[in-house]
>>> print(open('run-v9.csv').read())   # CSV, C-alpha atoms
chain,number,residue,atom,x,y,z
A,1,MET,CA,102.0,84.2,81.6
A,2,TYR,CA,98.4,84.6,82.7
A,3,ARG,CA,97.2,81.6,84.7
A,4,GLY,CA,94.0,83.3,85.8
A,5,GLY,CA,92.9,84.0,89.3
A,6,ALA,CA,92.6,87.1,91.4
A,7,GLY,CA,96.3,87.6,91.8
A,8,GLN,CA,96.9,87.8,88.1
A,9,TRP,CA,94.2,90.4,87.5
A,10,ALA,CA,95.4,92.4,90.5
A,11,TRP,CA,99.0,92.3,89.0
A,12,LEU,CA,97.9,93.3,85.5
A,13,LEU,CA,95.7,96.2,86.8
A,14,HIS,CA,98.6,97.3,89.0
A,15,ARG,CA,100.9,97.7,86.0
A,16,LEU,CA,98.2,99.4,83.8
A,17,SER,CA,97.1,101.8,86.5
A,18,GLY,CA,100.8,102.6,87.3
A,19,LEU,CA,101.5,103.4,83.6
A,20,GLY,CA,98.4,105.6,83.4
A,21,VAL,CA,99.3,107.6,86.5
A,22,LEU,CA,102.9,108.1,85.3
A,23,LEU,CA,101.6,109.3,81.9
A,24,PHE,CA,99.4,111.9,83.6
A,25,LEU,CA,102.3,112.9,86.0
A,26,LEU,CA,104.5,113.7,83.0
A,27,ILE,CA,101.8,115.8,81.4
A,28,HIS,CA,101.1,117.5,84.7
A,29,ILE,CA,104.8,118.4,85.2
A,30,LEU,CA,104.7,120.1,81.8
A,31,ASP,CA,101.4,122.0,82.4
A,32,THR,CA,102.6,123.1,85.8
A,33,GLY,CA,105.8,124.3,84.3
A,34,LEU,CA,103.8,126.9,82.3
A,35,VAL,CA,103.5,129.0,85.6
A,36,LEU,CA,107.0,130.2,84.6
A,37,PHE,CA,105.4,131.9,81.5
A,38,GLY,CA,102.9,133.9,83.5
A,39,PRO,CA,99.2,133.9,84.3
A,40,GLU,CA,97.9,134.4,80.8
A,41,VAL,CA,99.6,131.3,79.4
A,42,TYR,CA,99.1,129.1,82.5
A,43,ASP,CA,95.4,130.0,83.0
A,44,ARG,CA,94.5,129.5,79.3
A,45,VAL,CA,96.1,126.0,79.3
A,46,VAL,CA,94.8,124.6,82.7
A,47,LYS,CA,91.3,125.8,81.8
A,48,LEU,CA,91.3,122.8,79.5
A,49,TYR,CA,91.0,120.6,82.5
A,50,THR,CA,87.5,122.0,83.2
A,51,HIS,CA,86.3,120.6,79.9
A,52,PRO,CA,83.8,117.7,80.5
A,53,VAL,CA,86.1,115.2,78.7
A,54,PHE,CA,88.9,116.0,81.1
A,55,ARG,CA,86.5,115.9,84.1
A,56,VAL,CA,85.7,112.3,83.2
A,57,GLY,CA,89.4,111.7,82.7
A,58,GLU,CA,90.0,113.1,86.1
A,59,VAL,CA,87.7,110.5,87.6
A,60,GLY,CA,89.7,107.8,85.7
A,61,LEU,CA,92.9,109.2,87.2
A,62,ALA,CA,91.5,109.1,90.7
A,63,ALA,CA,90.4,105.5,90.1
A,64,ALA,CA,93.9,104.5,88.9
A,65,VAL,CA,95.6,106.2,91.9
A,66,LEU,CA,93.2,104.7,94.4
A,67,TYR,CA,93.5,101.2,93.0
A,68,HIS,CA,97.3,101.4,92.7
A,69,ALA,CA,97.5,102.6,96.3
A,70,LEU,CA,95.2,99.9,97.8
A,71,ASN,CA,96.7,97.1,95.8
A,72,GLY,CA,100.2,98.4,96.7
A,73,ILE,CA,99.3,98.0,100.4
A,74,ARG,CA,98.2,94.5,99.6
A,75,ILE,CA,101.4,93.7,97.8
A,76,THR,CA,103.6,95.2,100.6
A,77,LEU,CA,101.6,93.4,103.3
A,78,LEU,CA,102.0,90.0,101.6
A,79,ASP,CA,105.7,90.7,100.9
A,80,PHE,CA,106.6,91.5,104.5
A,81,TYR,CA,104.1,89.1,106.2
A,82,PRO,CA,104.2,85.9,104.0
A,83,GLU,CA,102.2,84.2,106.8
A,84,LEU,CA,99.2,86.1,105.5
A,85,SER,CA,99.4,84.4,102.1
A,86,PRO,CA,96.8,81.7,102.8
A,87,ARG,CA,94.3,84.6,103.2
A,88,GLN,CA,95.4,86.4,100.0
A,89,ARG,CA,92.0,85.9,98.3
A,90,GLN,CA,90.2,87.6,101.2
A,91,ILE,CA,92.8,90.4,101.2
A,92,PHE,CA,92.2,91.0,97.4
A,93,TYR,CA,88.4,91.2,98.0
A,94,GLY,CA,89.2,93.6,100.8
A,95,VAL,CA,91.1,95.8,98.3
A,96,VAL,CA,88.1,95.6,95.8
A,97,SER,CA,85.6,96.5,98.6
A,98,LEU,CA,87.7,99.4,99.9
A,99,PHE,CA,88.1,100.6,96.3
A,100,ALA,CA,84.4,100.7,95.7
A,101,LEU,CA,83.7,102.3,99.1
A,102,ALA,CA,86.2,105.2,98.4
A,103,PHE,CA,85.7,105.5,94.7
A,104,LEU,CA,81.9,106.0,94.5
A,105,PRO,CA,81.8,109.1,96.8
A,106,MET,CA,84.9,110.5,95.1
A,107,ALA,CA,83.4,110.1,91.6
A,108,TYR,CA,80.2,111.6,92.8
A,109,LEU,CA,82.0,114.7,94.3
A,110,MET,CA,84.1,115.1,91.1
A,111,LEU,CA,81.3,114.8,88.6
A,112,LYS,CA,78.7,116.8,90.6
A,113,PRO,CA,79.8,120.2,89.3
A,114,LEU,CA,79.1,119.0,85.8
A,115,PHE,CA,75.4,118.7,86.4
B,116,MET,CA,109.1,88.1,85.6
B,117,GLU,CA,106.1,86.2,86.8
B,118,PRO,CA,104.4,87.4,89.9
B,119,SER,CA,104.9,85.4,93.0
B,120,SER,CA,101.9,83.5,94.3
B,121,ALA,CA,100.9,86.1,96.8
B,122,GLY,CA,102.6,89.5,96.9
B,123,GLY,CA,104.7,91.5,94.5
B,124,ARG,CA,107.7,90.3,92.4
B,125,PRO,CA,110.0,88.1,94.5
B,126,ARG,CA,112.4,89.9,96.8
B,127,PRO,CA,115.8,90.2,95.0
B,128,THR,CA,118.6,88.7,97.0
B,129,GLY,CA,120.9,91.6,97.0
B,130,GLY,CA,122.6,94.5,95.2
B,131,LEU,CA,120.9,97.4,93.4
B,132,GLU,CA,117.8,95.3,92.6
B,133,LEU,CA,117.2,94.7,96.3
B,134,TYR,CA,117.4,98.5,97.0
B,135,ALA,CA,115.0,99.1,94.0
B,136,TRP,CA,112.6,96.5,95.4
B,137,LEU,CA,112.7,98.1,98.9
B,138,PHE,CA,112.5,101.6,97.4
B,139,MET,CA,109.2,100.7,95.7
B,140,ARG,CA,107.7,99.6,99.0
B,141,VAL,CA,109.0,102.6,101.1
B,142,SER,CA,108.2,105.2,98.5
B,143,GLY,CA,104.8,103.6,97.9
B,144,ALA,CA,104.0,104.0,101.6
B,145,LEU,CA,105.1,107.7,101.5
B,146,LEU,CA,103.2,108.3,98.3
B,147,LEU,CA,100.1,106.8,99.9
B,148,LEU,CA,100.0,109.9,102.1
B,149,LEU,CA,101.5,112.5,99.6
B,150,ALA,CA,99.5,111.5,96.5
B,151,LEU,CA,96.2,110.7,98.2
B,152,GLY,CA,96.6,113.9,100.2
B,153,HIS,CA,97.3,115.9,96.9
B,154,LEU,CA,94.3,114.2,95.2
B,155,ALA,CA,91.9,115.1,98.1
B,156,LEU,CA,93.2,118.6,98.3
B,157,MET,CA,93.1,119.5,94.6
B,158,HIS,CA,90.2,117.4,93.4
B,159,LEU,CA,87.8,117.1,96.4
B,160,ILE,CA,88.4,120.0,98.8
B,161,ASN,CA,89.2,122.3,95.8
B,162,ASN,CA,88.5,121.4,92.2
B,163,VAL,CA,89.9,122.0,88.8
B,164,GLU,CA,87.8,125.1,88.4
B,165,ALA,CA,89.6,126.7,91.4
B,166,ILE,CA,93.1,126.0,90.1
B,167,ASN,CA,94.7,129.0,88.2
B,168,PHE,CA,97.9,131.0,88.4
B,169,ALA,CA,96.7,133.0,91.5
B,170,PHE,CA,95.9,129.7,93.3
B,171,VAL,CA,99.5,128.3,92.5
B,172,ALA,CA,101.1,131.6,93.5
B,173,GLU,CA,99.3,131.7,96.9
B,174,ARG,CA,100.0,128.1,97.6
B,175,TRP,CA,103.7,128.3,96.7
B,176,ALA,CA,104.1,131.5,98.8
B,177,ASN,CA,104.5,128.9,101.6
B,178,PRO,CA,107.8,127.0,101.3
B,179,LEU,CA,106.3,124.0,103.1
B,180,TRP,CA,103.9,123.4,100.1
B,181,ARG,CA,106.9,123.6,97.7
B,182,LEU,CA,108.6,121.0,99.9
B,183,TYR,CA,105.5,118.8,99.9
B,184,ASP,CA,105.2,119.1,96.1
B,185,TRP,CA,108.9,118.5,95.5
B,186,PHE,CA,108.8,115.3,97.5
B,187,LEU,CA,105.6,114.2,95.7
B,188,LEU,CA,107.3,115.0,92.3
B,189,ALA,CA,110.6,113.2,93.1
B,190,LEU,CA,109.1,110.1,94.7
B,191,ALA,CA,106.3,109.7,92.1
B,192,LEU,CA,108.7,110.1,89.2
B,193,VAL,CA,111.3,107.7,90.5
B,194,HIS,CA,108.7,105.2,91.6
B,195,GLY,CA,106.9,105.4,88.3
B,196,PHE,CA,110.0,105.1,86.1
B,197,ASN,CA,111.4,102.3,88.2
B,198,GLY,CA,108.1,100.5,87.5
B,199,VAL,CA,108.7,101.1,83.7
B,200,ARG,CA,112.3,99.8,84.1
B,201,VAL,CA,111.0,96.6,85.6
B,202,MET,CA,108.5,96.3,82.7
B,203,VAL,CA,111.3,96.8,80.1
B,204,ASP,CA,113.2,94.1,81.9
B,205,ASP,CA,110.1,91.8,81.6
B,206,TYR,CA,108.9,92.5,78.1
B,207,VAL,CA,111.7,93.9,75.9
B,208,ARG,CA,113.7,90.9,74.6
B,209,SER,CA,116.0,92.3,71.9
B,210,PRO,CA,119.3,93.5,73.5
B,211,GLY,CA,119.5,96.6,71.3
B,212,LEU,CA,116.0,97.7,72.1
B,213,ARG,CA,116.6,97.0,75.8
B,214,VAL,CA,119.6,99.4,75.9
B,215,LEU,CA,117.6,102.0,74.0
B,216,SER,CA,114.6,101.6,76.3
B,217,LEU,CA,116.7,101.9,79.4
B,218,VAL,CA,118.5,105.0,78.0
B,219,GLY,CA,115.0,106.4,77.5
B,220,VAL,CA,113.8,105.6,81.0
B,221,TYR,CA,116.9,107.1,82.7
B,222,GLY,CA,116.9,110.1,80.3
B,223,LEU,CA,113.2,110.9,80.8
B,224,THR,CA,113.5,110.5,84.6
B,225,LEU,CA,116.4,112.9,84.7
B,226,PHE,CA,114.7,115.4,82.4
B,227,PHE,CA,111.4,115.5,84.3
B,228,LEU,CA,113.1,115.6,87.6
B,229,VAL,CA,115.3,118.5,86.7
B,230,ALA,CA,112.5,120.4,84.9
B,231,GLY,CA,110.0,119.8,87.7
B,232,SER,CA,112.4,120.8,90.4
B,233,PHE,CA,113.4,123.9,88.5
B,234,VAL,CA,109.7,125.0,88.3
B,235,ILE,CA,109.0,124.3,92.0
B,236,LEU,CA,112.2,126.0,93.3
B,237,THR,CA,112.4,129.0,91.0
B,238,PHE,CA,108.8,130.1,90.6
B,239,GLN,CA,108.3,133.8,91.7
B,240,PRO,CA,104.8,135.2,91.1
B,241,MET,CA,106.0,138.8,90.7
B,242,ALA,CA,108.4,137.9,87.9
B,243,GLY,CA,105.7,136.0,85.9
B,244,GLY,CA,103.7,137.5,83.1
>>> encode(input="run-v9.csv", output="structure tokens")
Amino acid sequence: MYRGGAGQWAWLLHRLSGLGVLLFLLIHILDTGLVLFGPEVYDRVVKLYTHPVFRVGEVGLAAAVLYHALNGIRITLLDFYPELSPRQRQIFYGVVSLFALAFLPMAYLMLKPLF
Amino acid sequence: MEPSSAGGRPRPTGGLELYAWLFMRVSGALLLLLALGHLALMHLINNVEAINFAFVAERWANPLWRLYDWFLLALALVHGFNGVRVMVDDYVRSPGLRVLSLVGVYGLTLFFLVAGSFVILTFQPMAGG
């Protein structure tokens, strides 16, 4: 199934990042549901998210959302404007560049409170 | 299904699959604003240390935030589980397992959509605790 090339990696990463974000979404629906049990229960559980392990996980979540969003734009552009397909390699490198540009400051801001 | 040479999976020719294909692109565009906005608001402008019961109560005092969160919930859930449905279609070969997987996908979508909507719509800070 994998013939190599940028498109194949973009596609595999799209599926993996999508699955990761969905898994977090399900956990997040359950943790938010604890607000119905009052402040003691909710605050005790969401305090777990301030643990350094979860702070690093949070950066991973941001990376997955950001990649999925940018690659989703690439997919949608190429689906609706097939005339762009000769330039798909440049568009993929655009996705990678925008990802790096947005991710590095985001990761810095999220991890800064840890130090 | 193999990816097409450039974009996403090939556009289905009609029926429910075409609507699912279009839904992924339209909901994706909306989630671009809703999910990235939520991420910026909760993790960059605020951060996980600021989020507690009082934070949620103050935010959900405004029905527009409940509306925002509900759209984010519903679109992200259906977008995510439709992605899983396509993956089941791609990878699960045995007919029995396919049916079981699809029942799981639809069941989980319904459960989380109902549970999440219930929380967003019925939460009352005074009644909590």
>>> closest_atom_pairs(input="run-v9.csv", of="chain B", to="chain A", cutoff="9 Å", atoms="all atoms listed in the file", output="tab-separated table")
residue	atom	partner	partner_atom	distance
B:Glu117	CA	A:Met1	CA	6.9
B:Pro118	CA	A:Trp11	CA	7.3
B:Ser119	CA	A:Gly7	CA	9.0
B:Ser120	CA	A:Gly7	CA	7.4
B:Ala121	CA	A:Ser85	CA	5.8
B:Gly122	CA	A:Ile75	CA	4.5
B:Gly123	CA	A:Ile75	CA	5.2
B:Arg124	CA	A:Asp79	CA	8.7
B:Pro125	CA	A:Asp79	CA	8.1
B:Arg126	CA	A:Asp79	CA	7.9
B:Arg140	CA	A:Thr76	CA	6.2
B:Gly143	CA	A:Gly72	CA	7.0
B:Ala144	CA	A:Ile73	CA	7.7
B:Leu146	CA	A:Ala69	CA	8.3
B:Leu147	CA	A:Ala69	CA	6.1
B:Ala150	CA	A:Val65	CA	8.0
B:Leu151	CA	A:Leu66	CA	7.7
B:Leu154	CA	A:Ala62	CA	7.4
B:Ala155	CA	A:Met106	CA	8.9
B:His158	CA	A:Met110	CA	6.9
B:Leu159	CA	A:Leu109	CA	6.6
B:Asn162	CA	A:Met110	CA	7.8
B:Val163	CA	A:Thr50	CA	6.1
B:Glu164	CA	A:Thr50	CA	6.1
B:Ile166	CA	A:Val46	CA	7.7
B:Asn167	CA	A:Asp43	CA	5.3
B:Phe168	CA	A:Pro39	CA	5.2
B:Ala169	CA	A:Pro39	CA	7.7
B:Val171	CA	A:Val35	CA	8.0
B:Ala172	CA	A:Val35	CA	8.7
B:Leu188	CA	A:Ile29	CA	8.3
B:Ala191	CA	A:Leu22	CA	7.8
B:Leu192	CA	A:Leu22	CA	7.3
B:Gly195	CA	A:Leu22	CA	5.7
B:Phe196	CA	A:Leu22	CA	7.7
B:Gly198	CA	A:Gly18	CA	7.6
B:Val199	CA	A:Leu19	CA	7.6
B:Met202	CA	A:Arg15	CA	8.4
B:Phe227	CA	A:Leu26	CA	7.2
B:Ala230	CA	A:Gly33	CA	7.8
B:Gly231	CA	A:Ile29	CA	5.9
B:Phe233	CA	A:Gly33	CA	8.7
B:Val234	CA	A:Gly33	CA	5.6
B:Ile235	CA	A:Gly33	CA	8.3
B:Thr237	CA	A:Leu36	CA	8.5
B:Phe238	CA	A:Leu36	CA	6.3
B:Gln239	CA	A:Leu36	CA	8.1
B:Pro240	CA	A:Gly38	CA	7.9
B:Ala242	CA	A:Gly38	CA	8.1
B:Gly243	CA	A:Gly38	CA	4.2
B:Gly244	CA	A:Gly38	CA	3.7
>>> closest_residue(input="run-v9.csv", among="B:Pro178, B:Val193, B:Tyr206, B:Leu212", to="B:Leu225", atoms="all atoms listed in the file")
B:Val193
>>> atom_distance(input="run-v9.csv", atom1="atom CA of B:Val201", atom2="atom CA of A:Ala10")
16.9 Å
>>> atom_distance(input="run-v9.csv", atom1="atom CA of B:Leu187", atom2="atom CA of B:Ser142")
9.8 Å
>>> closest_residue(input="run-v9.csv", among="B:Arg174, B:Arg181, B:His153, B:Arg213", to="B:Arg200", atoms="all atoms listed in the file")
B:Arg213
>>> atom_distance(input="run-v9.csv", atom1="atom CA of A:Leu114", atom2="atom CA of B:Asn161")
14.6 Å
>>> build_atoms(input="run-v9.csv", residues="stretch 120-145 of chain B", atoms="N, CA, C and O atoms", output="PDB file, in the coordinates of the input")
ATOM      1  N   SER B 120     103.296  83.939  94.072  1.00  0.00           N
ATOM      2  CA  SER B 120     101.900  83.500  94.300  1.00  0.00           C
ATOM      3  C   SER B 120     101.093  84.440  95.092  1.00  0.00           C
ATOM      4  O   SER B 120      99.892  84.501  94.942  1.00  0.00           O
ATOM      5  N   ALA B 121     101.729  85.251  95.949  1.00  0.00           N
ATOM      6  CA  ALA B 121     100.900  86.100  96.800  1.00  0.00           C
ATOM      7  C   ALA B 121     101.190  87.603  96.556  1.00  0.00           C
ATOM      8  O   ALA B 121     100.354  88.303  96.006  1.00  0.00           O
ATOM      9  N   GLY B 122     102.356  88.086  96.936  1.00  0.00           N
ATOM     10  CA  GLY B 122     102.600  89.500  96.900  1.00  0.00           C
ATOM     11  C   GLY B 122     103.127  90.031  95.603  1.00  0.00           C
ATOM     12  O   GLY B 122     102.625  89.678  94.552  1.00  0.00           O
ATOM     13  N   GLY B 123     104.144  90.884  95.661  1.00  0.00           N
ATOM     14  CA  GLY B 123     104.700  91.500  94.500  1.00  0.00           C
ATOM     15  C   GLY B 123     105.746  90.552  93.855  1.00  0.00           C
ATOM     16  O   GLY B 123     105.762  89.350  94.123  1.00  0.00           O
ATOM     17  N   ARG B 124     106.645  91.153  93.008  1.00  0.00           N
ATOM     18  CA  ARG B 124     107.700  90.300  92.400  1.00  0.00           C
ATOM     19  C   ARG B 124     108.587  89.828  93.562  1.00  0.00           C
ATOM     20  O   ARG B 124     108.744  90.496  94.581  1.00  0.00           O
ATOM     21  N   PRO B 125     109.184  88.656  93.402  1.00  0.00           N
ATOM     22  CA  PRO B 125     110.000  88.100  94.500  1.00  0.00           C
ATOM     23  C   PRO B 125     111.088  89.035  94.930  1.00  0.00           C
ATOM     24  O   PRO B 125     111.665  89.736  94.103  1.00  0.00           O
ATOM     25  N   ARG B 126     111.362  89.048  96.226  1.00  0.00           N
ATOM     26  CA  ARG B 126     112.400  89.900  96.800  1.00  0.00           C
ATOM     27  C   ARG B 126     113.739  89.549  96.224  1.00  0.00           C
ATOM     28  O   ARG B 126     114.197  88.416  96.404  1.00  0.00           O
ATOM     29  N   PRO B 127     114.435  90.492  95.534  1.00  0.00           N
ATOM     30  CA  PRO B 127     115.800  90.200  95.000  1.00  0.00           C
ATOM     31  C   PRO B 127     116.726  89.877  96.184  1.00  0.00           C
ATOM     32  O   PRO B 127     116.526  90.370  97.292  1.00  0.00           O
ATOM     33  N   THR B 128     117.768  89.105  95.902  1.00  0.00           N
ATOM     34  CA  THR B 128     118.600  88.700  97.000  1.00  0.00           C
ATOM     35  C   THR B 128     119.659  89.690  97.420  1.00  0.00           C
ATOM     36  O   THR B 128     120.203  89.609  98.512  1.00  0.00           O
ATOM     37  N   GLY B 129     119.956  90.658  96.556  1.00  0.00           N
ATOM     38  CA  GLY B 129     120.900  91.600  97.000  1.00  0.00           C
ATOM     39  C   GLY B 129     121.221  92.649  95.880  1.00  0.00           C
ATOM     40  O   GLY B 129     120.564  92.638  94.829  1.00  0.00           O
ATOM     41  N   GLY B 130     122.185  93.536  96.155  1.00  0.00           N
ATOM     42  CA  GLY B 130     122.600  94.500  95.200  1.00  0.00           C
ATOM     43  C   GLY B 130     121.583  95.591  94.901  1.00  0.00           C
ATOM     44  O   GLY B 130     120.662  95.814  95.689  1.00  0.00           O
ATOM     45  N   LEU B 131     121.737  96.237  93.745  1.00  0.00           N
ATOM     46  CA  LEU B 131     120.900  97.400  93.400  1.00  0.00           C
ATOM     47  C   LEU B 131     119.423  96.946  93.280  1.00  0.00           C
ATOM     48  O   LEU B 131     118.518  97.698  93.647  1.00  0.00           O
ATOM     49  N   GLU B 132     119.177  95.715  92.787  1.00  0.00           N
ATOM     50  CA  GLU B 132     117.800  95.300  92.600  1.00  0.00           C
ATOM     51  C   GLU B 132     117.062  95.165  93.959  1.00  0.00           C
ATOM     52  O   GLU B 132     115.872  95.433  94.038  1.00  0.00           O
ATOM     53  N   LEU B 133     117.795  94.779  95.008  1.00  0.00           N
ATOM     54  CA  LEU B 133     117.200  94.700  96.300  1.00  0.00           C
ATOM     55  C   LEU B 133     116.796  96.117  96.799  1.00  0.00           C
ATOM     56  O   LEU B 133     115.704  96.336  97.325  1.00  0.00           O
ATOM     57  N   TYR B 134     117.705  97.091  96.571  1.00  0.00           N
ATOM     58  CA  TYR B 134     117.400  98.500  97.000  1.00  0.00           C
ATOM     59  C   TYR B 134     116.220  99.011  96.165  1.00  0.00           C
ATOM     60  O   TYR B 134     115.353  99.714  96.706  1.00  0.00           O
ATOM     61  N   ALA B 135     116.166  98.683  94.861  1.00  0.00           N
ATOM     62  CA  ALA B 135     115.000  99.100  94.000  1.00  0.00           C
ATOM     63  C   ALA B 135     113.738  98.531  94.542  1.00  0.00           C
ATOM     64  O   ALA B 135     112.717  99.209  94.635  1.00  0.00           O
ATOM     65  N   TRP B 136     113.784  97.256  94.911  1.00  0.00           N
ATOM     66  CA  TRP B 136     112.600  96.500  95.400  1.00  0.00           C
ATOM     67  C   TRP B 136     112.130  97.203  96.736  1.00  0.00           C
ATOM     68  O   TRP B 136     110.947  97.481  96.914  1.00  0.00           O
ATOM     69  N   LEU B 137     113.087  97.477  97.630  1.00  0.00           N
ATOM     70  CA  LEU B 137     112.700  98.100  98.900  1.00  0.00           C
ATOM     71  C   LEU B 137     112.234  99.550  98.667  1.00  0.00           C
ATOM     72  O   LEU B 137     111.276  99.992  99.298  1.00  0.00           O
ATOM     73  N   PHE B 138     112.878 100.260  97.718  1.00  0.00           N
ATOM     74  CA  PHE B 138     112.500 101.600  97.400  1.00  0.00           C
ATOM     75  C   PHE B 138     111.012 101.687  96.994  1.00  0.00           C
ATOM     76  O   PHE B 138     110.263 102.581  97.385  1.00  0.00           O
ATOM     77  N   MET B 139     110.588 100.712  96.151  1.00  0.00           N
ATOM     78  CA  MET B 139     109.200 100.700  95.700  1.00  0.00           C
ATOM     79  C   MET B 139     108.230 100.611  96.842  1.00  0.00           C
ATOM     80  O   MET B 139     107.178 101.242  96.843  1.00  0.00           O
ATOM     81  N   ARG B 140     108.565  99.822  97.859  1.00  0.00           N
ATOM     82  CA  ARG B 140     107.700  99.600  99.000  1.00  0.00           C
ATOM     83  C   ARG B 140     107.669 100.851  99.924  1.00  0.00           C
ATOM     84  O   ARG B 140     106.619 101.307 100.385  1.00  0.00           O
ATOM     85  N   VAL B 141     108.863 101.390 100.190  1.00  0.00           N
ATOM     86  CA  VAL B 141     109.000 102.600 101.100  1.00  0.00           C
ATOM     87  C   VAL B 141     108.372 103.808 100.422  1.00  0.00           C
ATOM     88  O   VAL B 141     107.553 104.521 101.011  1.00  0.00           O
ATOM     89  N   SER B 142     108.762 104.058  99.145  1.00  0.00           N
ATOM     90  CA  SER B 142     108.200 105.200  98.500  1.00  0.00           C
ATOM     91  C   SER B 142     106.716 105.069  98.256  1.00  0.00           C
ATOM     92  O   SER B 142     105.962 106.051  98.322  1.00  0.00           O
ATOM     93  N   GLY B 143     106.268 103.831  98.039  1.00  0.00           N
ATOM     94  CA  GLY B 143     104.800 103.600  97.900  1.00  0.00           C
ATOM     95  C   GLY B 143     104.078 103.983  99.142  1.00  0.00           C
ATOM     96  O   GLY B 143     103.025 104.628  99.068  1.00  0.00           O
ATOM     97  N   ALA B 144     104.634 103.633 100.312  1.00  0.00           N
ATOM     98  CA  ALA B 144     104.000 104.000 101.600  1.00  0.00           C
ATOM     99  C   ALA B 144     103.936 105.513 101.753  1.00  0.00           C
ATOM    100  O   ALA B 144     102.919 106.068 102.183  1.00  0.00           O
ATOM    101  N   LEU B 145     105.031 106.205 101.388  1.00  0.00           N
ATOM    102  CA  LEU B 145     105.100 107.700 101.500  1.00  0.00           C
ATOM    103  C   LEU B 145     104.093 108.311 100.502  1.00  0.00           C
ATOM    104  O   LEU B 145     103.386 109.273 100.821  1.00  0.00           O
TER     105      LEU B 145
END
